[in-house]
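Structure data follow from coords_33.pdb (PDB, C-alpha atoms):
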```pdb
ATOM      1  CA  MET A  12     100.144  41.119 166.729
ATOM      2  CA  THR A  13      97.411  43.580 165.857
ATOM      3  CA  LEU A  14      99.880  46.315 166.317
ATOM      4  CA  THR A  15     102.272  44.700 163.888
ATOM      5  CA  ILE A  16      99.513  44.198 161.335
ATOM      6  CA  SER A  17      98.363  47.793 161.799
ATOM      7  CA  VAL A  18     101.880  49.107 161.278
ATOM      8  CA  ALA A  19     102.280  46.867 158.215
ATOM      9  CA  VAL A  20      98.954  48.072 156.749
ATOM     10  CA  ILE A  21      99.828  51.711 157.412
ATOM     11  CA  ALA A  22     103.257  51.190 155.843
ATOM     12  CA  ALA A  23     101.680  49.496 152.810
ATOM     13  CA  VAL A  24      99.160  52.333 152.433
ATOM     14  CA  MET A  25     101.952  54.900 152.699
ATOM     15  CA  VAL A  26     103.958  53.049 150.047
ATOM     16  CA  ILE A  27     100.912  52.950 147.741
ATOM     17  CA  VAL A  28     100.221  56.665 148.395
ATOM     18  CA  GLY A  29     103.900  57.415 147.713
ATOM     19  CA  ILE A  30     103.817  55.457 144.432
ATOM     20  CA  VAL A  31     100.571  57.217 143.394
ATOM     21  CA  ALA A  32     102.084  60.574 144.354
ATOM     22  CA  ILE A  33     105.202  59.842 142.250
ATOM     23  CA  ILE A  34     103.028  58.817 139.265
ATOM     24  CA  ALA A  35     100.865  61.919 139.704
ATOM     25  CA  LEU A  36     103.998  64.047 139.949
ATOM     26  CA  LEU A  37     105.312  62.527 136.690
ATOM     27  CA  TYR A  38     101.983  63.338 134.971
ATOM     28  CA  VAL A  39     102.120  66.900 136.338
ATOM     29  CA  ILE A  40     105.712  67.292 135.091
ATOM     30  CA  ARG A  41     104.689  65.974 131.656
ATOM     31  CA  LEU A  42     101.696  68.356 131.661
ATOM     32  CA  VAL A  43     103.888  71.325 132.610
ATOM     33  CA  LYS A  44     106.356  70.472 129.794
ATOM     34  CA  ALA A  45     103.505  70.236 127.289
ATOM     35  CA  ALA A  46     102.049  73.519 128.520
ATOM     36  CA  THR A  47     105.477  75.161 128.292
ATOM     37  CA  SER A  48     105.987  73.993 124.707
ATOM     38  CA  LEU A  49     102.451  75.132 123.852
ATOM     39  CA  ILE A  50     103.084  78.528 125.398
ATOM     40  CA  ASP A  51     106.390  78.858 123.489
ATOM     41  CA  SER A  52     104.738  77.992 120.168
ATOM     42  CA  ALA A  53     101.853  80.351 120.941
ATOM     43  CA  LYS A  54     104.332  83.079 121.880
ATOM     44  CA  THR A  55     106.119  82.798 118.527
ATOM     45  CA  GLN A  56     102.801  82.982 116.687
ATOM     46  CA  LEU A  57     101.309  85.650 118.905
ATOM     47  CA  VAL A  58     103.851  88.348 118.018
ATOM     48  CA  PRO A  59     103.085  88.379 114.249
ATOM     49  CA  VAL A  60      99.355  88.187 114.926
ATOM     50  CA  SER A  61      99.624  91.081 117.363
ATOM     51  CA  HIS A  62     101.621  93.076 114.818
ATOM     52  CA  ASP A  63      99.065  92.327 112.098
ATOM     53  CA  LEU A  64      96.216  93.321 114.397
ATOM     54  CA  SER A  65      97.891  96.623 115.185
ATOM     55  CA  ARG A  66      98.405  97.292 111.455
ATOM     56  CA  VAL A  67      94.773  96.424 110.737
ATOM     57  CA  SER A  68      93.706  98.721 113.560
ATOM     58  CA  GLN A  69      95.819 101.570 112.176
ATOM     59  CA  LYS A  70      94.450 101.065 108.660
ATOM     60  CA  THR A  71      90.907 100.974 110.018
ATOM     61  CA  GLN A  72      91.528 104.222 111.888
ATOM     62  CA  GLN A  73      92.911 105.826 108.724
ATOM     63  CA  ILE A  74      89.873 104.689 106.754
ATOM     64  CA  MET A  75      87.519 106.023 109.421
ATOM     65  CA  ASP A  76      89.325 109.381 109.414
ATOM     66  CA  SER A  77      89.118 109.524 105.621
ATOM     67  CA  VAL A  78      85.419 108.673 105.654
ATOM     68  CA  GLN A  79      84.798 111.339 108.280
ATOM     69  CA  ARG A  80      86.605 113.964 106.184
ATOM     70  CA  GLN A  81      84.664 112.917 103.091
ATOM     71  CA  VAL A  82      81.363 113.064 104.960
ATOM     72  CA  GLU A  83      82.201 116.584 106.126
ATOM     73  CA  THR A  84      83.070 117.542 102.535
ATOM     74  CA  VAL A  85      79.794 116.082 101.260
ATOM     75  CA  GLU A  86      77.867 117.963 103.966
ATOM     76  CA  GLN A  87      79.552 121.203 102.913
ATOM     77  CA  SER A  88      78.773 120.480  99.258
ATOM     78  CA  VAL A  89      75.132 119.773 100.046
ATOM     79  CA  ASN A  90      74.872 122.997 102.045
ATOM     80  CA  THR A  91      76.523 124.917  99.203
ATOM     81  CA  VAL A  92      74.098 123.478  96.642
ATOM     82  CA  LYS A  93      71.207 124.258  98.961
ATOM     83  CA  ASP A  94      72.348 127.869  99.360
ATOM     84  CA  MET A  95      72.885 128.224  95.609
ATOM     85  CA  THR A  96      69.406 126.872  94.949
ATOM     86  CA  LEU A  97      67.904 129.424  97.317
ATOM     87  CA  ARG A  98      69.904 132.220  95.701
ATOM     88  CA  VAL A  99      68.824 131.142  92.196
ATOM     89  CA  ARG A 100      65.201 130.983  93.330
ATOM     90  CA  HIS A 101      65.407 134.493  94.826
ATOM     91  CA  PHE A 102      67.139 135.726  91.685
ATOM     92  CA  GLU A 103      64.377 134.287  89.500
ATOM     93  CA  GLU A 104      61.702 135.839  91.701
ATOM     94  CA  ASN A 105      63.439 139.207  91.623
ATOM     95  CA  LEU A 106      64.012 138.921  87.878
ATOM     96  CA  LEU A 107      60.353 138.160  87.259
ATOM     97  CA  THR A 108      59.130 141.010  89.413
ATOM     98  CA  GLU A 109      61.647 143.407  87.810
ATOM     99  CA  ALA A 110      60.639 142.141  84.371
ATOM    100  CA  ASP A 111      56.992 142.749  85.213
ATOM    101  CA  ARG A 112      57.813 146.241  86.428
ATOM    102  CA  ALA A 113      59.888 146.955  83.348
ATOM    103  CA  ALA A 114      57.364 145.357  80.990
ATOM    104  CA  ILE A 115      54.504 147.706  81.857
ATOM    105  CA  PRO A 116      56.218 150.896  80.612
ATOM    106  CA  MET A 117      57.620 149.019  77.632
ATOM    107  CA  VAL A 118      54.152 147.787  76.648
ATOM    108  CA  ARG A 119      52.789 151.317  76.962
ATOM    109  CA  THR A 120      55.639 152.679  74.867
ATOM    110  CA  ILE A 121      55.106 150.033  72.199
ATOM    111  CA  ARG A 122      51.385 150.838  72.146
ATOM    112  CA  TYR A 123      52.124 154.518  71.720
ATOM    113  CA  LEU A 124      54.659 153.824  68.983
ATOM    114  CA  SER A 125      52.239 151.449  67.270
ATOM    115  CA  ALA A 126      49.468 154.024  67.447
ATOM    116  CA  PHE A 127      51.819 156.742  66.173
ATOM    117  CA  TRP A 128      52.935 154.499  63.307
ATOM    118  CA  LYS A 129      49.360 153.695  62.309
ATOM    119  CA  GLY A 130      48.523 157.364  62.498
ATOM    120  CA  PHE A 131      51.539 158.154  60.304
ATOM    121  CA  GLN A 132      50.488 155.483  57.789
ATOM    122  CA  VAL A 133      46.960 156.880  57.655
ATOM    123  CA  PHE A 134      48.298 160.420  57.256
ATOM    124  CA  TYR A 135      50.692 159.279  54.523
ATOM    125  CA  SER A 136      47.982 157.360  52.678
ATOM    126  CA  ILE A 137      45.745 160.438  52.803
ATOM    127  CA  MET A 138      48.494 162.702  51.594
ATOM    128  CA  LYS A 139      49.409 160.313  48.847
ATOM    129  CA  LYS A 140      45.952 160.463  47.270
TER     130      LYS A 140
END
```
Once more with this new file: its structure as structure tokens, please.
Amino acid sequence: MTLTISVAVIAAVMVIVGIVAIIALLYVIRLVKAATSLIDSAKTQLVPVSHDLSRVSQKTQQIMDSVQRQVETVEQSVNTVKDMTLRVRHFEENLLTEADRAAIPMVRTIRYLSAFWKGFQVFYSIMKK
């Protein structure tokens, strides 16, 4: 009798496990269907997003290239202005030193001419009397 009860209990447990397994399998099938539909909807939305991301990436790369070219141009312009400033400064220094060198003989000449003119005026005023 114990053997019969044991077999009946084992059979009942196996039936319950089988029913639970079938219910679990139905939930898994429902979960797989939901995941499949989610993946399909994500797939249809993923392609445009991927395309947009690639376009944004390309535009960003173009902007970065443009900025890099402009930075190089600005660097060249700054260096050019710097060189021109140095050249103007050297030109001014050379001009001032040349002007000083040229001014000394000119001042002497003007003094001599002024003295000659005064002497001529004195001579003329004496001769006029």
Interatomic distance (Å, one decimal) between atom CA of Lys70 of chain A and atom CA of Ile50 of chain A: 29.4 Å
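In this structure, atom CA of Val118 of chain A sits 23.9 Å away from atom CA of Phe134 of chain A.
Straight-line separation from atom CA of Ser17 of chain A to atom CA of Ala32 of chain A: 21.9 Å.
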Once you add 5 Å to each side, what are the centre and edge lengths of the axis-aligned box holding all listed atoms of segment 16-28 of chain A? One decimal in Å, as JSON, if you can.
```
{"center_x": 101.2, "center_y": 50.4, "center_z": 154.8, "size_x": 15.6, "size_y": 22.5, "size_z": 24.1}
```
